[in-house]
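Asker: As input, take run06.cif (mmCIF, C-alpha atoms):
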data_start
loop_
_atom_site.label_atom_id
_atom_site.label_comp_id
_atom_site.auth_asym_id
_atom_site.auth_seq_id
_atom_site.Cartn_x
_atom_site.Cartn_y
_atom_site.Cartn_z
CA MET A 189 -128.99 -82.19 -73.22
CA SER A 190 -131.53 -81.92 -76.08
CA ILE A 191 -134.45 -84.05 -77.19
CA TRP A 192 -136.34 -83.83 -80.50
CA VAL A 193 -140.00 -84.89 -80.73
CA PHE A 194 -141.85 -85.45 -84.02
CA ARG A 195 -145.15 -87.03 -84.90
CA ASN A 196 -144.92 -90.48 -86.49
CA ASP A 197 -148.60 -91.23 -87.03
CA GLU A 198 -151.94 -90.84 -85.25
CA SER A 199 -150.87 -93.04 -82.35
CA SER A 200 -147.13 -92.53 -81.89
CA LEU A 201 -144.34 -89.97 -81.64
CA TYR A 202 -140.68 -90.17 -82.55
CA VAL A 203 -138.21 -89.16 -79.84
CA ARG A 204 -134.54 -88.65 -80.69
CA PHE A 205 -131.54 -87.68 -78.58
CA LYS A 206 -127.80 -88.26 -78.58
CA TYR A 207 -126.92 -91.51 -76.89
CA ASP A 208 -126.60 -91.17 -73.15
CA GLU A 209 -127.11 -94.14 -70.84
CA GLN A 210 -129.06 -92.07 -68.28
CA MET A 211 -131.41 -90.77 -70.96
CA VAL A 212 -131.97 -94.30 -72.26
CA MET A 213 -132.83 -95.43 -68.73
CA LYS A 214 -135.34 -92.56 -68.45
CA ILE A 215 -137.13 -93.21 -71.74
CA ARG A 216 -137.43 -96.88 -70.85
CA GLU A 217 -139.77 -95.77 -68.04
CA ILE A 218 -142.40 -94.73 -70.61
CA PRO A 219 -144.90 -97.59 -71.04
CA GLY A 220 -145.23 -98.75 -74.63
CA ARG A 221 -141.97 -97.18 -75.77
CA LYS A 222 -140.03 -98.98 -78.49
CA TRP A 223 -136.53 -98.63 -79.96
CA VAL A 224 -136.59 -98.57 -83.78
CA SER A 225 -133.07 -99.73 -84.56
CA ASP A 226 -133.05 -99.13 -88.32
CA LYS A 227 -133.98 -95.45 -87.76
CA LYS A 228 -132.05 -95.15 -84.47
CA ILE A 229 -135.00 -93.47 -82.84
CA TRP A 230 -137.46 -94.11 -80.02
CA LEU A 231 -141.19 -94.47 -80.59
CA ILE A 232 -143.60 -93.58 -77.77
CA PRO A 233 -147.40 -93.63 -77.66
CA PHE A 234 -149.05 -90.35 -78.67
CA THR A 235 -151.01 -90.01 -75.43
CA ALA A 236 -151.35 -87.33 -72.77
CA GLU A 237 -149.78 -89.69 -70.24
CA SER A 238 -146.71 -90.37 -72.39
CA ILE A 239 -146.16 -86.68 -73.18
CA GLN A 240 -146.52 -85.69 -69.53
CA LEU A 241 -144.15 -88.47 -68.44
CA LEU A 242 -141.64 -87.48 -71.15
CA GLN A 243 -141.62 -83.89 -69.88
CA THR A 244 -141.34 -85.03 -66.26
CA LEU A 245 -138.55 -87.55 -66.89
CA PHE A 246 -136.53 -85.11 -69.00
CA GLU A 247 -137.13 -82.02 -66.87
CA GLY A 248 -134.25 -79.62 -67.43
CA ALA A 249 -133.54 -80.95 -70.93
CA LYS A 250 -134.17 -78.77 -73.96
CA ILE A 251 -137.15 -80.40 -75.71
CA HIS A 252 -137.57 -79.46 -79.38
CA VAL A 253 -141.05 -80.14 -80.79
CA ASP A 254 -141.94 -80.05 -84.48
CA ALA A 255 -144.03 -76.92 -85.22
CA VAL A 256 -146.86 -78.94 -86.79
CA LEU A 257 -147.07 -81.22 -83.76
CA MET A 258 -147.00 -78.21 -81.43
CA LYS A 259 -150.01 -76.68 -83.25
CA GLU A 260 -151.95 -79.97 -83.24
CA CYS A 261 -151.22 -80.87 -79.65
CA GLY A 262 -151.64 -78.54 -76.68
CA LEU A 263 -150.03 -81.02 -74.30
CA PHE A 264 -146.50 -79.63 -74.45
CA ASN A 265 -145.63 -76.98 -71.90
CA ASN A 266 -144.24 -73.54 -72.67
CA GLU A 267 -140.66 -74.61 -72.03
CA VAL A 268 -140.38 -76.67 -75.20
CA HIS A 269 -138.77 -75.26 -78.31
CA THR A 270 -140.51 -75.34 -81.68
CA GLN A 271 -138.71 -76.77 -84.70
CA ASP A 272 -139.91 -75.26 -87.98
CA HIS A 273 -139.02 -78.28 -90.09
CA ILE A 274 -138.60 -82.02 -89.89
CA PRO A 275 -135.02 -83.03 -90.64
CA SER A 276 -134.68 -85.22 -93.71
CA TYR A 277 -133.46 -88.19 -91.68
CA LEU A 278 -136.98 -88.51 -90.24
CA TRP A 279 -138.72 -88.59 -93.63
CA ASN A 280 -140.65 -91.84 -93.88
CA GLU A 281 -143.63 -93.35 -95.62
CA SER A 282 -146.04 -92.13 -92.93
CA ILE A 283 -144.97 -88.52 -93.43
CA LYS A 284 -145.01 -88.95 -97.21
CA SER A 285 -148.55 -90.38 -97.08
CA SER A 286 -149.77 -87.52 -94.89
CA LEU A 287 -148.28 -84.96 -97.26
CA VAL A 288 -149.80 -86.63 -100.34
CA ARG A 289 -153.25 -86.75 -98.63
CA ALA A 290 -152.99 -83.07 -97.68
CA LEU A 291 -151.98 -82.06 -101.18
CA GLN A 292 -154.84 -84.06 -102.70
CA LEU A 293 -157.35 -82.15 -100.57
#
In structure tokens, what does this structure look like?
Answerer:
Amino acid sequence: MSIWVFRNDESSLYVRFKYDEQMVMKIREIPGRKWVSDKKIWLIPFTAESIQLLQTLFEGAKIHVDAVLMKECGLFNNEVHTQDHIPSYLWNESIKSSLVRALQL
């Protein structure tokens, strides 16, 4: 059982996993979560409470966290696995805007 976590924007994170009814029931316990049907991905608030609850609910699962998010956020425990890249299926306007801003600096 694996879960992938990526930053969406300043206030939310993407969470992706293969469909499993028990996992869906668990993520629904996170307040403020939202299913984004066109991207087939979950969106959760980027808060300490949401991250802690995610780790608690999915204890025992392999949680993969984007390397950039891992550096920016010290809230993930040592059991998570760092992903060195964001898969192309998660490329969106928010990521594109962040990259353009960074390159302009």
Asker: If the PyMOL selection byres ((chain A and resi 204-221) around 8) is run on the structure shown, which residues does it catch, given as a PyMOL selection string?
Answerer: chain A and resi 190-193+202-203+222-223+228-233+238+241-242+245-246
Asker: Dump C-alpha atoms for the selected residues as a PDB file, in the coordinates of the input?
Answerer:
ATOM      1  CA  SER A 190    -131.530 -81.920 -76.080  1.00  0.00           C
ATOM      2  CA  ILE A 191    -134.450 -84.050 -77.190  1.00  0.00           C
ATOM      3  CA  TRP A 192    -136.340 -83.830 -80.500  1.00  0.00           C
ATOM      4  CA  VAL A 193    -140.000 -84.890 -80.730  1.00  0.00           C
ATOM      5  CA  TYR A 202    -140.680 -90.170 -82.550  1.00  0.00           C
ATOM      6  CA  VAL A 203    -138.210 -89.160 -79.840  1.00  0.00           C
ATOM      7  CA  LYS A 222    -140.030 -98.980 -78.490  1.00  0.00           C
ATOM      8  CA  TRP A 223    -136.530 -98.630 -79.960  1.00  0.00           C
ATOM      9  CA  LYS A 228    -132.050 -95.150 -84.470  1.00  0.00           C
ATOM     10  CA  ILE A 229    -135.000 -93.470 -82.840  1.00  0.00           C
ATOM     11  CA  TRP A 230    -137.460 -94.110 -80.020  1.00  0.00           C
ATOM     12  CA  LEU A 231    -141.190 -94.470 -80.590  1.00  0.00           C
ATOM     13  CA  ILE A 232    -143.600 -93.580 -77.770  1.00  0.00           C
ATOM     14  CA  PRO A 233    -147.400 -93.630 -77.660  1.00  0.00           C
ATOM     15  CA  SER A 238    -146.710 -90.370 -72.390  1.00  0.00           C
ATOM     16  CA  LEU A 241    -144.150 -88.470 -68.440  1.00  0.00           C
ATOM     17  CA  LEU A 242    -141.640 -87.480 -71.150  1.00  0.00           C
ATOM     18  CA  LEU A 245    -138.550 -87.550 -66.890  1.00  0.00           C
ATOM     19  CA  PHE A 246    -136.530 -85.110 -69.000  1.00  0.00           C
TER      20      PHE A 246
END
Asker: Give me, please, the distance in Å between atom CA of Leu257 of chain A and atom CA of Arg195 of chain A, quoted to one decimal.
Answerer: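 Atom-to-atom, atom CA of Leu257 of chain A to atom CA of Arg195 of chain A, that is 6.2 Å.
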Asker: Quick one: pull the distance between atom CA of Asn196 of chain A and atom CA of Lys250 of chain A, Å, one decimal.
Answerer: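 Atom-to-atom, atom CA of Asn196 of chain A and atom CA of Lys250 of chain A are spaced 20.2 Å apart.
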Asker: Could you work out how far atom CA of Val253 of chain A lies from atom CA of Phe194 of chain A, giving the answer in Å with one decimal?
Answerer: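 For atom CA of Phe194 of chain A relative to atom CA of Val253 of chain A, the distance reads 6.3 Å.
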Asker: Could you tell me which residues the PyMOL selection byres ((chain A and resi 261) around 12) grabs in this file, written as a PDB file with C-alpha atoms, in the coordinates of the input?
Answerer:
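Output file part-v1.pdb follows:
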ATOM      1  CA  VAL A 193    -140.000 -84.890 -80.730  1.00  0.00           C
ATOM      2  CA  PHE A 194    -141.850 -85.450 -84.020  1.00  0.00           C
ATOM      3  CA  ARG A 195    -145.150 -87.030 -84.900  1.00  0.00           C
ATOM      4  CA  GLU A 198    -151.940 -90.840 -85.250  1.00  0.00           C
ATOM      5  CA  LEU A 201    -144.340 -89.970 -81.640  1.00  0.00           C
ATOM      6  CA  PHE A 234    -149.050 -90.350 -78.670  1.00  0.00           C
ATOM      7  CA  THR A 235    -151.010 -90.010 -75.430  1.00  0.00           C
ATOM      8  CA  ALA A 236    -151.350 -87.330 -72.770  1.00  0.00           C
ATOM      9  CA  ILE A 239    -146.160 -86.680 -73.180  1.00  0.00           C
ATOM     10  CA  VAL A 253    -141.050 -80.140 -80.790  1.00  0.00           C
ATOM     11  CA  ASP A 254    -141.940 -80.050 -84.480  1.00  0.00           C
ATOM     12  CA  ALA A 255    -144.030 -76.920 -85.220  1.00  0.00           C
ATOM     13  CA  VAL A 256    -146.860 -78.940 -86.790  1.00  0.00           C
ATOM     14  CA  LEU A 257    -147.070 -81.220 -83.760  1.00  0.00           C
ATOM     15  CA  MET A 258    -147.000 -78.210 -81.430  1.00  0.00           C
ATOM     16  CA  LYS A 259    -150.010 -76.680 -83.250  1.00  0.00           C
ATOM     17  CA  GLU A 260    -151.950 -79.970 -83.240  1.00  0.00           C
ATOM     18  CA  GLY A 262    -151.640 -78.540 -76.680  1.00  0.00           C
ATOM     19  CA  LEU A 263    -150.030 -81.020 -74.300  1.00  0.00           C
ATOM     20  CA  PHE A 264    -146.500 -79.630 -74.450  1.00  0.00           C
ATOM     21  CA  ASN A 265    -145.630 -76.980 -71.900  1.00  0.00           C
TER      22      ASN A 265
END
Asker: Using the partial input, fill out segment 203-229 of chain A with N, CA, C and O atoms; write the result as a CSV table (one decimal), keeping the file's coordinate frame.
Answerer:
chain,number,residue,atom,x,y,z
A,203,VAL,N,-139.0,-89.9,-80.8
A,203,VAL,CA,-138.2,-89.2,-79.8
A,203,VAL,C,-136.8,-89.5,-80.2
A,203,VAL,O,-136.4,-90.7,-80.2
A,204,ARG,N,-135.9,-88.5,-80.3
A,204,ARG,CA,-134.5,-88.6,-80.7
A,204,ARG,C,-133.7,-87.8,-79.8
A,204,ARG,O,-134.0,-86.7,-79.4
A,205,PHE,N,-132.5,-88.4,-79.4
A,205,PHE,CA,-131.5,-87.7,-78.6
A,205,PHE,C,-130.2,-88.4,-78.8
A,205,PHE,O,-130.2,-89.5,-79.2
A,206,LYS,N,-129.1,-87.6,-78.5
A,206,LYS,CA,-127.8,-88.3,-78.6
A,206,LYS,C,-127.7,-89.3,-77.5
A,206,LYS,O,-128.2,-89.1,-76.4
A,207,TYR,N,-127.0,-90.4,-77.8
A,207,TYR,CA,-126.9,-91.5,-76.9
A,207,TYR,C,-126.3,-91.1,-75.6
A,207,TYR,O,-125.3,-90.4,-75.5
A,208,ASP,N,-127.0,-91.4,-74.5
A,208,ASP,CA,-126.6,-91.2,-73.2
A,208,ASP,C,-127.3,-92.2,-72.3
A,208,ASP,O,-128.5,-92.3,-72.3
A,209,GLU,N,-126.5,-93.0,-71.6
A,209,GLU,CA,-127.1,-94.1,-70.8
A,209,GLU,C,-128.2,-93.7,-69.9
A,209,GLU,O,-129.2,-94.4,-69.7
A,210,GLN,N,-128.0,-92.5,-69.2
A,210,GLN,CA,-129.1,-92.1,-68.3
A,210,GLN,C,-130.3,-91.7,-69.0
A,210,GLN,O,-131.4,-92.0,-68.5
A,211,MET,N,-130.2,-91.1,-70.2
A,211,MET,CA,-131.4,-90.8,-71.0
A,211,MET,C,-132.1,-92.0,-71.5
A,211,MET,O,-133.4,-92.1,-71.5
A,212,VAL,N,-131.4,-93.0,-71.8
A,212,VAL,CA,-132.0,-94.3,-72.3
A,212,VAL,C,-132.7,-94.9,-71.1
A,212,VAL,O,-133.9,-95.4,-71.3
A,213,MET,N,-132.2,-94.9,-69.9
A,213,MET,CA,-132.8,-95.4,-68.7
A,213,MET,C,-134.1,-94.7,-68.5
A,213,MET,O,-135.2,-95.3,-68.1
A,214,LYS,N,-134.1,-93.4,-68.7
A,214,LYS,CA,-135.3,-92.6,-68.4
A,214,LYS,C,-136.4,-92.9,-69.5
A,214,LYS,O,-137.6,-93.1,-69.1
A,215,ILE,N,-136.1,-93.0,-70.7
A,215,ILE,CA,-137.1,-93.2,-71.7
A,215,ILE,C,-137.7,-94.6,-71.6
A,215,ILE,O,-138.9,-94.9,-72.0
A,216,ARG,N,-136.9,-95.5,-71.1
A,216,ARG,CA,-137.4,-96.9,-70.8
A,216,ARG,C,-138.5,-96.9,-69.8
A,216,ARG,O,-139.2,-97.9,-69.7
A,217,GLU,N,-138.7,-95.8,-69.0
A,217,GLU,CA,-139.8,-95.8,-68.0
A,217,GLU,C,-141.1,-95.4,-68.7
A,217,GLU,O,-142.2,-95.5,-68.0
A,218,ILE,N,-141.1,-95.1,-69.9
A,218,ILE,CA,-142.4,-94.7,-70.6
A,218,ILE,C,-143.0,-96.0,-71.1
A,218,ILE,O,-142.5,-96.7,-72.0
A,219,PRO,N,-144.2,-96.4,-70.6
A,219,PRO,CA,-144.9,-97.6,-71.0
A,219,PRO,C,-145.2,-97.5,-72.5
A,219,PRO,O,-145.6,-96.5,-73.1
A,220,GLY,N,-144.9,-98.6,-73.2
A,220,GLY,CA,-145.2,-98.8,-74.6
A,220,GLY,C,-144.1,-98.2,-75.5
A,220,GLY,O,-144.3,-98.2,-76.8
A,221,ARG,N,-143.1,-97.7,-74.9
A,221,ARG,CA,-142.0,-97.2,-75.8
A,221,ARG,C,-141.3,-98.3,-76.5
A,221,ARG,O,-141.4,-99.5,-76.1
A,222,LYS,N,-140.7,-98.0,-77.7
A,222,LYS,CA,-140.0,-99.0,-78.5
A,222,LYS,C,-138.8,-98.4,-79.2
A,222,LYS,O,-138.9,-97.2,-79.7
A,223,TRP,N,-137.7,-99.1,-79.2
A,223,TRP,CA,-136.5,-98.6,-80.0
A,223,TRP,C,-136.6,-99.1,-81.4
A,223,TRP,O,-136.9,-100.3,-81.6
A,224,VAL,N,-136.5,-98.2,-82.4
A,224,VAL,CA,-136.6,-98.6,-83.8
A,224,VAL,C,-135.2,-98.5,-84.3
A,224,VAL,O,-134.6,-97.5,-84.6
A,225,SER,N,-134.5,-99.7,-84.3
A,225,SER,CA,-133.1,-99.7,-84.6
A,225,SER,C,-132.7,-99.3,-85.9
A,225,SER,O,-131.6,-98.6,-86.1
A,226,ASP,N,-133.5,-99.5,-87.0
A,226,ASP,CA,-133.0,-99.1,-88.3
A,226,ASP,C,-133.1,-97.6,-88.5
A,226,ASP,O,-132.4,-97.1,-89.3
A,227,LYS,N,-133.9,-96.9,-87.7
A,227,LYS,CA,-134.0,-95.4,-87.8
A,227,LYS,C,-133.2,-94.8,-86.6
A,227,LYS,O,-133.1,-93.6,-86.6
A,228,LYS,N,-132.8,-95.6,-85.7
A,228,LYS,CA,-132.0,-95.2,-84.5
A,228,LYS,C,-132.8,-94.1,-83.8
A,228,LYS,O,-132.4,-92.9,-83.6
A,229,ILE,N,-134.1,-94.4,-83.5
A,229,ILE,CA,-135.0,-93.5,-82.8
A,229,ILE,C,-136.0,-94.2,-81.9
A,229,ILE,O,-136.2,-95.4,-82.1
